[in-house]
Structure formats: structure tokens, C-alpha cells
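One structure is given below, encoded as C-alpha cells.
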Amino acid sequence: MRTETHALVSHTWSCALPDGDLFVDAGEGFFVSTPEFCFLQMASKLTLANLIQLGFELCGTYSLRKDGPAAPRKKPLTSSDKLKAFVAKAAGAPGCKKAVRALRYVLDGSASPKETELAMYLCLPYALGGYGIERPRLNYHINVPPSMRKFSSKSYCVCDLCWPDANLVFEYDSKLHHSGEGQRARDSKRSNTLISLGYTVVSVTSIQIGSGEDVNKLAQIAAKFTGKRLRYRDPGFTRKHWELRALLSKPPI
């Protein structure tokens, strides 16, 4: 029953299928892989960096599109814990070892491709082109106590990248999502609230994320606040970092 056309290539899964849900009925007799099975299937197709990137997307609130900007999503398709549990039951499957390795670095909650890139640049180990910074919490909620509500219109602030123990916040300033005078005012009020709560707030633009020199400066800031001593060695590390940049510049699928 295998079918091949100019737009479709059939593949066969030759080993035992892992336990758990594998497919979702998309209607009209058409089935698609669950996010967990998709991640495992793509492990044998993608580089390690792009597989990590895919994991961020599946566990985040955005969807990459082939043409045009990423589309926001109300909730993640899965979580890093669900991916780990599924892959753990698929020992011996094609790509399983790479999937296990990739999931060491996948974080939940990314809201945009640029947040994913920034987190990967900062947190992946030196061998993969990252700076090995302690992992942040993505889109982390910080409660605003009643005594500080005069600075904020909400009972909490949502921070793009947050290191709670270091009182450090990186805010991605996207022109796409942060345009307009009203939005800029809300962003300013949130930053002021966080500063009043004792957090250091660093604004990051897409231009900075696109610059190796600027990301290095951001890594220096994160390292200082989190107590990380950067010990990478050049020229090997710089070569790895630019290889990572080249891989992340294209969507994983």
C-alpha cells in the first residue's frame, strides 16, 4: 500500500514501535505522528543542533513556517518531560541515542525562534558552540507582591529568559511583537517593576542575537551574574559557535 508521487515519499519504520501514542487522526483518514514520535523520527534526519531546535519549538508556543514569520501558538504541543519519557521507551530505535542527547538541552516555554536561538547560544556546551551558561527559565512568571502593585497593572511579570537565583532577566525586544507606543509603555512598566523587585533587566534585540560579538557580551553578563567562569578556547570555540549559527539560521524542517 506504499505510495510515491512527485510530492510524497514513503518510508518504512523497520524496528519495533515504541509504546505510547504514535499517531493523531487529522481527519478524512489522514494520520500524523504525535509530537513525541515526530521528534524521534526526525532524530535520524537532523543534526544534533537542529534536533534541539525542533525540541524547543515543540515545547514552545510558536510554530515555524517555511515562508514568513513564526506563528504564535496558544500552548506547547508537548513538553521536555513527555519527550524524554517517550524516547526512554524507544531504546534501540533509529536516532534514539541522538534524541536522548538532544533532550539534555531542550527547554520548555520558548515563545519565539529568537528566544530559542539566544537560549541555545548561551546554554549549549562549548563543544556544540554555546557558552555553557546555567539554563534559564523561559517565559517565567514572577509574582508582584501587593505592596509593589502601584508599579504594575498585573499581579505578575512574564520574563523571556530568567535566572531566578541570580535575579537576572533577559528580555527579547522583537519589533514584531513589541511595536506600538502602547506595547512599549507596557514593556517599560514591566521592566521598571522587575527592577523595583531587585532584578537586573537586559534588553536584547534581534540584531544582537545575530551578532557573534554581541552574544559574547551577553554571555559575559550572564556568566557574571550566575557565577559561571567562561573557559572556552579559541580558535576552536569560535569555529564551533559559527557552525552553530549556520545551523540555526535555517528552520529544522
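Chain labels follow the order of the C-alpha cells: the first chain is A, the next B, and so on; residue numbering restarts at 1 in every chain, and ligands are counted from 1 in their shown order.
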
_What's around segment 18-34 of chain A at 12 Å? Count only C-alpha atoms, leave out sequence neighbours fewer than 6 positions away in its own chain, and write the answer as a list in words._
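Counting only the stated atoms, we get Leu40, Gln41, Met42, Leu58, Leu77, Thr78, Lys82, Leu83, Ala85, Phe86, Val87, Ala88, Lys89, Ala90, Ala91, Gly92, Ala93, Pro94 and Cys96 of chain A.
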
Legend entry - Residues of segment 98-144 of chain A in strand (DSSP E or B), written as a VMD selection string: chain A and resid 137 to 143

Suppose we keep N, CA, C and O atoms; can you now write the selection as a short mmCIF file (atom, residue, chain, number, x, y, z; two decimals), in the first residue's frame?
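Saved as result32.cif:
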```cif
data_model
loop_
_atom_site.label_atom_id
_atom_site.label_comp_id
_atom_site.auth_asym_id
_atom_site.auth_seq_id
_atom_site.Cartn_x
_atom_site.Cartn_y
_atom_site.Cartn_z
N ARG A 137 14.99 29.97 32.99
CA ARG A 137 13.58 29.63 32.85
C ARG A 137 13.02 30.51 31.76
O ARG A 137 13.22 31.72 31.76
N LEU A 138 12.32 29.91 30.80
CA LEU A 138 11.78 30.66 29.68
C LEU A 138 10.35 31.08 29.94
O LEU A 138 9.53 30.28 30.38
N ASN A 139 10.06 32.35 29.65
CA ASN A 139 8.73 32.94 29.90
C ASN A 139 8.25 32.60 31.31
O ASN A 139 7.17 32.07 31.53
N TYR A 140 9.11 32.95 32.22
CA TYR A 140 8.96 32.67 33.65
C TYR A 140 8.08 33.73 34.31
O TYR A 140 8.23 34.93 34.06
N HIS A 141 7.15 33.28 35.14
CA HIS A 141 6.25 34.19 35.85
C HIS A 141 6.86 34.60 37.20
O HIS A 141 7.21 33.75 38.01
N ILE A 142 6.98 35.90 37.39
CA ILE A 142 7.45 36.44 38.66
C ILE A 142 6.28 37.18 39.30
O ILE A 142 5.74 38.14 38.73
N ASN A 143 5.88 36.74 40.46
CA ASN A 143 4.75 37.35 41.16
C ASN A 143 5.12 38.74 41.69
O ASN A 143 6.24 38.95 42.20
#
```

Of A:Cys159, A:Ile209, A:Leu107, A:Ala70, the one sitting nearest Ser191 of chain A when using only C-alpha atoms is A:Cys159

- For Tyr131 of chain A, please output as a VMD selection string all residues within 9 Å (counting only C-alpha atoms; exclusion window: fewer than 2 positions along the same chain). chain A and resid 120 to 126 128 to 129 133 216 219 223 230 to 232 241

**Q.** Val202 of chain A surroundings by only C-alpha atoms, 7 Å radius, close-in-sequence under 5 positions cut, as a list in words
**A.** Val169, Phe170 and Glu171 of chain A

Expected file contents, prior selection, N, CA, C and O atoms, as an mmCIF file, in the first residue's frame:
```cif
data_model
loop_
_atom_site.group_PDB
_atom_site.id
_atom_site.type_symbol
_atom_site.label_atom_id
_atom_site.label_comp_id
_atom_site.auth_asym_id
_atom_site.auth_seq_id
_atom_site.Cartn_x
_atom_site.Cartn_y
_atom_site.Cartn_z
ATOM 1 N N VAL A 169 17.294 38.942 34.283
ATOM 2 C CA VAL A 169 16.288 38.763 33.251
ATOM 3 C C VAL A 169 16.830 39.276 31.920
ATOM 4 O O VAL A 169 17.368 40.387 31.850
ATOM 5 N N PHE A 170 16.713 38.456 30.879
ATOM 6 C CA PHE A 170 16.977 38.901 29.512
ATOM 7 C C PHE A 170 15.633 39.023 28.811
ATOM 8 O O PHE A 170 14.865 38.054 28.754
ATOM 9 N N GLU A 171 15.339 40.202 28.286
ATOM 10 C CA GLU A 171 14.087 40.443 27.580
ATOM 11 C C GLU A 171 14.367 40.600 26.102
ATOM 12 O O GLU A 171 15.133 41.485 25.699
#
```

Write out as number ranges by chain all residues of segment 32-194 of chain A that backbone DSSP assigns to alpha helix (DSSP H). A: 35-43, 48-58, 80-88, 96-102, 113-123, 181-194

**Report entry** d(atom CA of Arg190 of chain A, atom CA of Val158 of chain A) in Å
**Finding:**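 Computing it gives 8.5 Å between the two atoms.
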
The residue from A:Gly212, A:Pro113, A:Pro72, A:Gly55 with the smallest atom-to-atom distance to Ser249 of chain A, counting only C-alpha atoms, is A:Pro113

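Minimum atom-to-atom distances from A:Leu248, A:Arg101, A:Pro164, A:Ile207 to Ala119 of chain A were compared using only C-alpha atoms, and the lowest value belongs to A:Leu248.
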
Shortest contact to Lys75 of chain A, candidates A:Ala246, A:Ala111, A:Val204, A:Leu51, atoms counted only C-alpha atoms, goes to A:Ala111

Q.
Would you pick out the contacts of segment 197-199 of chain A at 7 Å or less, using only C-alpha atoms, so that residues sharing its chain but fewer than 2 positions from it are not included, and give the list as an NGL selection string?
A. :A and (167-169 or 193-195 or 201)

Residues from the last selection, N, CA, C and O atoms, saved as an mmCIF file, in the first residue's frame:
```
data_model
loop_
_atom_site.group_PDB
_atom_site.id
_atom_site.type_symbol
_atom_site.label_atom_id
_atom_site.label_comp_id
_atom_site.auth_asym_id
_atom_site.auth_seq_id
_atom_site.Cartn_x
_atom_site.Cartn_y
_atom_site.Cartn_z
ATOM 1 N N ASN A 167 18.680 36.688 40.021
ATOM 2 C CA ASN A 167 17.913 37.933 39.834
ATOM 3 C C ASN A 167 18.260 38.615 38.508
ATOM 4 O O ASN A 167 18.426 39.833 38.430
ATOM 5 N N LEU A 168 18.345 37.793 37.455
ATOM 6 C CA LEU A 168 18.723 38.306 36.140
ATOM 7 C C LEU A 168 17.644 37.969 35.120
ATOM 8 O O LEU A 168 17.133 36.844 35.092
ATOM 9 N N VAL A 169 17.294 38.942 34.283
ATOM 10 C CA VAL A 169 16.288 38.763 33.251
ATOM 11 C C VAL A 169 16.830 39.276 31.920
ATOM 12 O O VAL A 169 17.368 40.387 31.850
ATOM 13 N N THR A 193 9.039 47.461 36.976
ATOM 14 C CA THR A 193 8.556 46.619 38.075
ATOM 15 C C THR A 193 9.611 45.604 38.471
ATOM 16 O O THR A 193 9.897 45.400 39.660
ATOM 17 N N LEU A 194 10.229 44.961 37.486
ATOM 18 C CA LEU A 194 11.256 43.954 37.765
ATOM 19 C C LEU A 194 12.457 44.580 38.456
ATOM 20 O O LEU A 194 13.025 43.997 39.396
ATOM 21 N N ILE A 195 12.856 45.757 38.015
ATOM 22 C CA ILE A 195 13.974 46.454 38.656
ATOM 23 C C ILE A 195 13.632 46.780 40.101
ATOM 24 O O ILE A 195 14.465 46.629 41.010
ATOM 25 N N VAL A 201 17.612 43.801 34.477
ATOM 26 C CA VAL A 201 16.915 43.541 33.224
ATOM 27 C C VAL A 201 17.798 43.957 32.052
ATOM 28 O O VAL A 201 18.228 45.118 31.980
#
```

### Message
For a quick check of understanding, using only C-alpha atoms, which of A:Glu117, A:Glu57, A:Asp67, A:Glu134 has the smallest distance to Lys224 of chain A?
### Response
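The closest residue to Lys224 of chain A is A:Glu134.
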
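Going from atom CA of Arg233 of chain A over to atom CA of Pro136 of chain A, you cover 23.7 Å.
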
Students should find that atom CA of Ser211 of chain A and atom CA of Lys114 of chain A are spaced 12.4 Å

Across A:Asp108, A:Ser196, A:Lys154, A:Pro35, the smallest distance to Asp81 of chain A, with only C-alpha atoms counted, is shown by A:Asp108
